[in-house]
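Peer 1: One file: work.pdb (PDB, C-alpha atoms and all ligand atoms).
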ATOM      1  CA  LYS A  13    -178.008  68.614  47.682
ATOM      2  CA  PRO A  14    -180.587  66.533  45.827
ATOM      3  CA  ILE A  15    -180.605  65.696  42.159
ATOM      4  CA  TYR A  16    -183.982  66.753  40.763
ATOM      5  CA  VAL A  17    -185.691  64.302  38.380
ATOM      6  CA  LEU A  18    -188.483  66.276  36.750
ATOM      7  CA  GLY A  19    -191.167  64.975  34.417
ATOM      8  CA  GLY A  20    -193.573  66.953  32.275
ATOM      9  CA  PRO A  21    -197.047  66.405  30.847
ATOM     10  CA  ASN A  22    -198.540  62.948  30.325
ATOM     11  CA  LEU A  23    -195.582  61.115  31.823
ATOM     12  CA  ASN A  24    -197.933  60.132  34.662
ATOM     13  CA  LEU A  25    -199.528  57.841  32.058
ATOM     14  CA  LEU A  26    -196.344  55.863  31.396
ATOM     15  CA  GLY A  27    -196.972  52.146  31.281
ATOM     16  CA  THR A  28    -200.313  52.473  29.509
ATOM     17  CA  ARG A  29    -199.659  55.400  27.139
ATOM     18  CA  GLU A  30    -198.490  54.177  23.712
ATOM     19  CA  PRO A  31    -196.301  51.434  25.248
ATOM     20  CA  GLU A  32    -194.893  50.576  21.806
ATOM     21  CA  ILE A  33    -193.284  54.038  21.867
ATOM     22  CA  TYR A  34    -192.720  54.725  25.570
ATOM     23  CA  GLY A  35    -192.379  51.230  27.056
ATOM     24  CA  HIS A  36    -194.348  49.323  29.682
ATOM     25  CA  GLU A  37    -192.672  50.721  32.748
ATOM     26  CA  THR A  38    -194.494  53.262  34.936
ATOM     27  CA  LEU A  39    -192.893  56.529  36.005
ATOM     28  CA  GLU A  40    -193.145  55.368  39.624
ATOM     29  CA  GLY A  41    -191.187  52.251  38.592
ATOM     30  CA  ILE A  42    -188.513  54.366  36.948
ATOM     31  CA  HIS A  43    -188.256  56.648  39.990
ATOM     32  CA  THR A  44    -187.995  53.644  42.331
ATOM     33  CA  ARG A  45    -185.133  52.185  40.277
ATOM     34  CA  LEU A  46    -183.349  55.542  40.223
ATOM     35  CA  ARG A  47    -183.639  55.769  44.008
ATOM     36  CA  SER A  48    -182.037  52.361  44.368
ATOM     37  CA  LEU A  49    -179.191  53.467  42.054
ATOM     38  CA  SER A  50    -178.649  56.841  43.652
ATOM     39  CA  GLY A  51    -177.041  55.508  46.824
ATOM     40  CA  ASP A  52    -176.507  58.311  49.338
ATOM     41  CA  VAL A  53    -177.428  61.038  46.859
ATOM     42  CA  PRO A  54    -180.947  62.287  47.599
ATOM     43  CA  LEU A  55    -183.406  62.479  44.690
ATOM     44  CA  GLU A  56    -186.355  64.832  44.268
ATOM     45  CA  ALA A  57    -188.417  62.920  41.693
ATOM     46  CA  ARG A  58    -191.597  64.688  40.566
ATOM     47  CA  GLN A  59    -194.027  64.903  37.659
ATOM     48  CA  THR A  60    -196.504  67.579  36.659
ATOM     49  CA  ASN A  61    -198.842  68.276  33.773
ATOM     50  CA  HIS A  62    -198.470  72.051  34.306
ATOM     51  CA  GLU A  63    -195.907  74.192  32.539
ATOM     52  CA  GLY A  64    -195.604  76.829  35.282
ATOM     53  CA  GLU A  65    -195.044  74.169  37.908
ATOM     54  CA  LEU A  66    -192.077  72.859  35.916
ATOM     55  CA  VAL A  67    -190.730  76.432  35.785
ATOM     56  CA  ASP A  68    -191.127  76.710  39.594
ATOM     57  CA  TRP A  69    -189.333  73.394  40.134
ATOM     58  CA  ILE A  70    -186.441  74.322  37.837
ATOM     59  CA  GLN A  71    -185.994  77.556  39.807
ATOM     60  CA  GLU A  72    -186.116  75.547  43.050
ATOM     61  CA  ALA A  73    -183.538  73.052  41.709
ATOM     62  CA  SER A  74    -181.254  75.923  40.755
ATOM     63  CA  ARG A  75    -181.331  77.174  44.369
ATOM     64  CA  GLU A  76    -181.517  73.907  46.275
ATOM     65  CA  GLY A  77    -180.354  71.094  44.007
ATOM     66  CA  SER A  78    -177.102  69.875  42.501
ATOM     67  CA  ALA A  79    -178.369  68.854  39.040
ATOM     68  CA  VAL A  80    -181.574  68.400  37.051
ATOM     69  CA  ILE A  81    -182.647  65.402  34.977
ATOM     70  CA  LEU A  82    -185.540  66.671  32.868
ATOM     71  CA  ASN A  83    -188.025  64.999  30.564
ATOM     72  CA  ALA A  84    -190.219  67.954  29.669
ATOM     73  CA  GLY A  85    -192.534  65.852  27.472
ATOM     74  CA  ALA A  86    -194.352  67.915  24.866
ATOM     75  CA  TYR A  87    -193.264  71.206  26.486
ATOM     76  CA  THR A  88    -189.834  70.378  25.056
ATOM     77  CA  HIS A  89    -191.225  71.381  21.685
ATOM     78  CA  THR A  90    -193.236  74.459  22.703
ATOM     79  CA  SER A  91    -192.044  76.208  25.840
ATOM     80  CA  VAL A  92    -190.007  79.406  25.742
ATOM     81  CA  ALA A  93    -190.774  79.773  29.478
ATOM     82  CA  LEU A  94    -189.029  76.480  30.152
ATOM     83  CA  HIS A  95    -186.124  77.487  27.947
ATOM     84  CA  ASP A  96    -185.698  80.730  29.893
ATOM     85  CA  ALA A  97    -185.914  78.950  33.266
ATOM     86  CA  LEU A  98    -183.268  76.443  32.157
ATOM     87  CA  ARG A  99    -181.065  79.198  30.794
ATOM     88  CA  ALA A 100    -181.150  80.822  34.256
ATOM     89  CA  CYS A 101    -180.579  77.502  36.045
ATOM     90  CA  LYS A 102    -177.221  77.425  37.852
ATOM     91  CA  VAL A 103    -176.868  73.641  38.028
ATOM     92  CA  PRO A 104    -176.316  71.216  35.123
ATOM     93  CA  VAL A 105    -179.390  69.985  33.273
ATOM     94  CA  ILE A 106    -179.506  66.606  31.530
ATOM     95  CA  GLU A 107    -182.396  66.222  29.110
ATOM     96  CA  VAL A 108    -183.953  62.760  28.778
ATOM     97  CA  HIS A 109    -186.507  61.373  26.334
ATOM     98  CA  LEU A 110    -187.732  57.784  26.322
ATOM     99  CA  SER A 111    -188.315  57.885  22.574
ATOM    100  CA  ASN A 112    -186.034  59.505  20.027
ATOM    101  CA  PRO A 113    -187.894  62.651  18.946
ATOM    102  CA  ALA A 114    -185.397  63.155  16.083
ATOM    103  CA  ALA A 115    -186.826  60.018  14.454
ATOM    104  CA  ARG A 116    -190.470  61.118  14.863
ATOM    105  CA  GLU A 117    -192.940  63.740  13.593
ATOM    106  CA  ALA A 118    -191.906  67.120  12.217
ATOM    107  CA  PHE A 119    -193.480  68.969  15.170
ATOM    108  CA  ARG A 120    -191.056  67.191  17.505
ATOM    109  CA  GLN A 121    -188.038  68.523  15.610
ATOM    110  CA  VAL A 122    -188.281  71.869  17.414
ATOM    111  CA  ASN A 123    -186.584  71.628  20.809
ATOM    112  CA  TYR A 124    -186.424  74.484  23.341
ATOM    113  CA  VAL A 125    -184.633  72.388  25.993
ATOM    114  CA  ALA A 126    -181.629  70.932  24.142
ATOM    115  CA  PRO A 127    -179.838  74.264  23.529
ATOM    116  CA  VAL A 128    -179.791  74.983  27.277
ATOM    117  CA  ALA A 129    -179.039  71.437  28.457
ATOM    118  CA  LYS A 130    -175.601  70.070  29.263
ATOM    119  CA  ALA A 131    -176.500  66.875  27.387
ATOM    120  CA  THR A 132    -179.430  65.011  25.863
ATOM    121  CA  ILE A 133    -180.135  61.273  26.111
ATOM    122  CA  ALA A 134    -182.944  60.077  23.841
ATOM    123  CA  GLY A 135    -184.267  56.843  22.418
ATOM    124  CA  LEU A 136    -183.058  54.438  25.112
ATOM    125  CA  GLY A 137    -186.301  54.148  27.072
ATOM    126  CA  ALA A 138    -186.057  54.023  30.863
ATOM    127  CA  TYR A 139    -182.358  53.129  30.600
ATOM    128  CA  GLY A 140    -181.757  56.743  29.532
ATOM    129  CA  TYR A 141    -182.755  57.869  33.047
ATOM    130  CA  GLU A 142    -180.178  55.529  34.600
ATOM    131  CA  LEU A 143    -177.461  56.908  32.327
ATOM    132  CA  ALA A 144    -178.556  60.450  33.157
ATOM    133  CA  LEU A 145    -178.331  59.703  36.883
ATOM    134  CA  LEU A 146    -174.810  58.272  36.504
ATOM    135  CA  ALA A 147    -173.820  61.371  34.538
ATOM    136  CA  ALA A 148    -175.427  63.743  37.047
ATOM    137  CA  LYS A 149    -173.612  62.054  39.954
ATOM    138  CA  SER A 150    -170.320  62.271  38.129
ATOM    139  CA  LEU A 151    -170.858  65.902  37.046
ATOM    140  CA  THR A 152    -171.614  66.915  40.623
ATOM    141  CA  GLY A 153    -168.661  65.060  42.135
ATOM    142  CA  GLN A 154    -170.915  62.435  43.727
ATOM    143  CA  GLY A 155    -169.969  59.627  41.344
ATOM    144  CA  GLU A 156    -168.197  56.358  42.048
ATOM    145  CA  ASN A 157    -164.974  57.726  40.593
TER
HETATM  146  C1  LIG B   1    -191.081  62.431  25.207
HETATM  147  C2  LIG B   1    -191.067  62.853  23.734
HETATM  148  C3  LIG B   1    -191.993  64.028  23.511
HETATM  149  O1  LIG B   1    -191.989  64.384  22.141
HETATM  150  C4  LIG B   1    -193.404  63.668  23.913
HETATM  151  O2  LIG B   1    -194.252  64.799  23.772
HETATM  152  C5  LIG B   1    -193.499  63.108  25.268
HETATM  153  C6  LIG B   1    -192.486  62.135  25.692
HETATM  154  C7  LIG B   1    -190.241  61.159  25.440
HETATM  155  O3  LIG B   1    -189.878  60.915  26.582
HETATM  156  O4  LIG B   1    -189.987  60.410  24.490
HETATM  157  O5  LIG B   1    -194.427  63.391  26.023
HETATM  158  O6  LIG B   1    -190.514  63.481  25.984
END
Could you quickly redo this structure as structure tokens?
Peer 2:
Amino acid sequence: KPIYVLGGPNLNLLGTREPEIYGHETLEGIHTRLRSLSGDVPLEARQTNHEGELVDWIQEASREGSAVILNAGAYTHTSVALHDALRACKVPVIEVHLSNPAAREAFRQVNYVAPVAKATIAGLGAYGYELALLAAKSLTGQGEN
């Protein structure tokens, strides 16, 4: 079963969007690196700017995936719909943020994802995705050991 790597709004702009905060790497670059690290484990790596589409994909991952790595972007801080979808999700969810929202603006201190995630990795840039993939493989019994 694939590990779903899901990205929310504006992550399609990675590489050019506030690189001092989010880094110079594109999302496609991150996904390519994850694929090379994932070995035999299939990845479903997707990005959308639409809240409902993220909800649909989380439901799909719950039925057809083994784990979810989620960077919900700004919906992290606003979406009860996402929270409810994650709460219903039957597979482990690892939340990732490139930046560390805890060290940023007040409006980023609300988080609807963290309480329904297995773990959160934030502030490590693209490396956080690699750590999340290692963790997801291990949690789903597809790790190296
Ligand atoms: C982000 C942090 C969010 O606060 C922000 O809205 C994003 C990116 C991150 O990866 O650091 O879009 O999720």
Peer 1: If you count all atoms listed in the file, which residues end up within 6 Å of ligand LIG 1 (chain B), as number ranges by chain?
Peer 2: A: 22, 83-86, 109-111, 113, 120
Peer 1: I need every residue sitting at most 12 Å from the point (-169.0, 62.3, 41.0) (coordinates as in the file, only C-alpha atoms considered), written as a list of chain:residue names.
Peer 2: A:Ser50, A:Asp52, A:Val53, A:Ser78, A:Ala79, A:Leu145, A:Leu146, A:Ala147, A:Ala148, A:Lys149, A:Ser150, A:Leu151, A:Thr152, A:Gly153, A:Gln154, A:Gly155, A:Glu156, A:Asn157
Peer 1: Pick from A:Ala118, A:Val128, A:Ile15, A:Val80: nearest to A:Gly51, with only C-alpha atoms counted?
Peer 2: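 The shortest atom-to-atom distance to A:Gly51 comes from A:Ile15.
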Peer 1: Mind checking which residues fall within 9 Å of A:Leu66, counting only C-alpha atoms, ignoring those fewer than 3 positions away in the same chain, and posting them as a list of chain:residue names?
Peer 2: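 With the cut-off at 9 Å, the set is A:Leu18, A:Gly19, A:Gly20, A:Gln59, A:Thr60, A:Asn61, A:His62, A:Glu63, A:Trp69, A:Ile70, A:Gln71, A:Ala84, A:Leu94.
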Peer 1: Could you write out the selected residues, including C-alpha atoms, as a short mmCIF file (atom, residue, chain, number, x, y, z; two decimals), keeping the file's coordinate frame?
Peer 2:
data_model
loop_
_atom_site.label_atom_id
_atom_site.label_comp_id
_atom_site.auth_asym_id
_atom_site.auth_seq_id
_atom_site.Cartn_x
_atom_site.Cartn_y
_atom_site.Cartn_z
CA LEU A 18 -188.48 66.28 36.75
CA GLY A 19 -191.17 64.97 34.42
CA GLY A 20 -193.57 66.95 32.28
CA GLN A 59 -194.03 64.90 37.66
CA THR A 60 -196.50 67.58 36.66
CA ASN A 61 -198.84 68.28 33.77
CA HIS A 62 -198.47 72.05 34.31
CA GLU A 63 -195.91 74.19 32.54
CA TRP A 69 -189.33 73.39 40.13
CA ILE A 70 -186.44 74.32 37.84
CA GLN A 71 -185.99 77.56 39.81
CA ALA A 84 -190.22 67.95 29.67
CA LEU A 94 -189.03 76.48 30.15
#
Peer 1: From the set A:Ala73, A:Leu82, A:Glu117, A:Leu98, which residue has the shortest atom-to-atom contact distance to A:Thr132, counting all atoms listed in the file?
Peer 2: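 When distances to A:Thr132 are compared using all atoms listed in the file, the smallest one comes from A:Leu82.
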Peer 1: With all atoms listed in the file as the atoms that count, which of A:Gly135, A:Arg99, A:Leu55, A:Tyr87 lies nearest to A:Leu23?
Peer 2: A:Tyr87
